[in-house]
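A.B. asks: Below are the structure tokens for one structure; questions will follow.
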Amino acid sequence: MTTQVQNLTQKIAAQRLGKVIKAFLDYLNVEAGLSENTILAYGRDLKDFAAFAHSKGIKKPDDIDANVLFSHVKTLARKSKAEASINRAVVALKMFLRFCRLTGHIADDLTVFLEGPKLWQKLPSICSKDQVAKLLACPDEKEAFYLRDRALLELLYATGTRASEVAGLKIGDVNLKIGYVRCLGKGKKERIVPLNKTAIAAVVEYIEQLRPNLAKPFSKDFLLLSRTGRALSRIEIWRLVKKYAHRAGLARQMTTHTLRHCFATHLLSGGADLRSLQEMLGHVDISTTQIYTHVDQDRLRNIHKKFHPRP
């Protein structure tokens, strides 16, 4: 269990209801195989619920009833939280209530009383191929970490990996001879993503010329290192992408996740099939991947022109 998760669970466990929530988070960490970010998000949601329940006189799980659940969700909505945040909080509560029933803390299935706001499907924002090329060209050869930053940007766009996945890459995860990356996605699921020649060349140059100067005894074999020899964190990667996005004049449009969207949309427009794209992105459900079919307007216009009976 990481320090962040430990700190959060210790704060939650200070409350009586929180002890059961802590046990639930420990269960998620050890048994469910969820990512650290997901566990932290669920922990924060349940910490908010515990505080709300305490204000209503709820001291233990079997004091929870439908009215408390309804009131909590309404409170979240009144705080103008995003629909996605409310839905995540509802999911966290449902999982916690199922855990409570499984462990004998409650007798009834209270999940039937929980329903979050229905999410509208929002299309991801992307940048054009020219805009991405402009971003990738932003690292300056005169800068101290030029080789690392160029390798980072090329990796993100070549593989469509998430920032947390790139942060966790080790040298052994990158096969530069065959050309692929092995990464751990959500739920600690492993997948293989091909690497293009440009990304391979950038990573090779970084490993040979810069990484040895950054590496320290505690660096282990993490691929991307900071100036102090630590593995680059997810936040540091996000900041680097924003730095170069600002330099490229794409500050508003571009984030690490935008590069993931660009990877998917540009592959699809180039003729990639949905099933292969699903595998490379690590999506469990292909319906998540299908959203990219609505993003590429040129592709949609070409399909319409080709198949509509009227000229």
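Letters A, B, ... go to the chains of the structure tokens in the order shown; residues in each chain start at 1; ligands are counted from 1 in the same order.
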May I have the residues within 9 Å of range 237-241 of chain A as a PyMOL selection string, using only C-alpha atoms and disregarding those fewer than 4 positions away in the same chain?
C.D. replies: chain A and resi 135+149+152-153+163-164+166-167+232-233+245-246+254-257
A.B. asks: For Gly249 in chain A, work out the shell of residues within 12 Å, counting only C-alpha atoms and skipping chain neighbours fewer than 3 positions away, then give it as a PyMOL selection string.
C.D. replies: chain A and resi 127+131-132+134-135+138+242-246+252-254
A.B. asks: Considering only C-alpha atoms, tabulate each residue of range 19-38 of chain A that lies at most 12 Å from range 97-115 of chain A along with its nearest interatomic pair and the corresponding distance in Å to one decimal; arrange the rows by chain and ascending residue number and present them as JSON lines.
C.D. replies:
```
{"residue": "A:Lys19", "atom": "CA", "partner": "A:Cys100", "partner_atom": "CA", "distance": 11.6}
{"residue": "A:Val20", "atom": "CA", "partner": "A:Cys100", "partner_atom": "CA", "distance": 7.8}
{"residue": "A:Ile21", "atom": "CA", "partner": "A:Cys100", "partner_atom": "CA", "distance": 9.0}
{"residue": "A:Lys22", "atom": "CA", "partner": "A:Phe99", "partner_atom": "CA", "distance": 11.5}
{"residue": "A:Ala23", "atom": "CA", "partner": "A:Phe99", "partner_atom": "CA", "distance": 9.4}
{"residue": "A:Phe24", "atom": "CA", "partner": "A:Phe99", "partner_atom": "CA", "distance": 6.8}
{"residue": "A:Leu25", "atom": "CA", "partner": "A:Phe99", "partner_atom": "CA", "distance": 10.1}
{"residue": "A:Asp26", "atom": "CA", "partner": "A:Phe99", "partner_atom": "CA", "distance": 11.5}
{"residue": "A:Tyr27", "atom": "CA", "partner": "A:Phe99", "partner_atom": "CA", "distance": 9.0}
{"residue": "A:Leu28", "atom": "CA", "partner": "A:Phe99", "partner_atom": "CA", "distance": 10.0}
{"residue": "A:Ala32", "atom": "CA", "partner": "A:Phe99", "partner_atom": "CA", "distance": 11.7}
```
A.B. asks: Would you list, as a ChimeraX atom specification, the residues of range 37-255 of chain A that end up in helix (DSSP H, G or I) under DSSP run on this structure's backbone?
C.D. replies: /A:37-55,61-63,66-78,83-102,110-113,129-136,146-159,163-167,171-173,186-188,197-209,211-214,217-219,234-247
A.B. asks: If we count only C-alpha atoms and set the cut-off at 9 Å, which residues sit around Val73 in chain A, ignoring sequence neighbours fewer than 5 positions away in its own chain? Please answer as a list in words.
C.D. replies: Val68, Arg78, Ile86, Ala89, Val90, Leu114, Glu115 and Gly116 of chain A
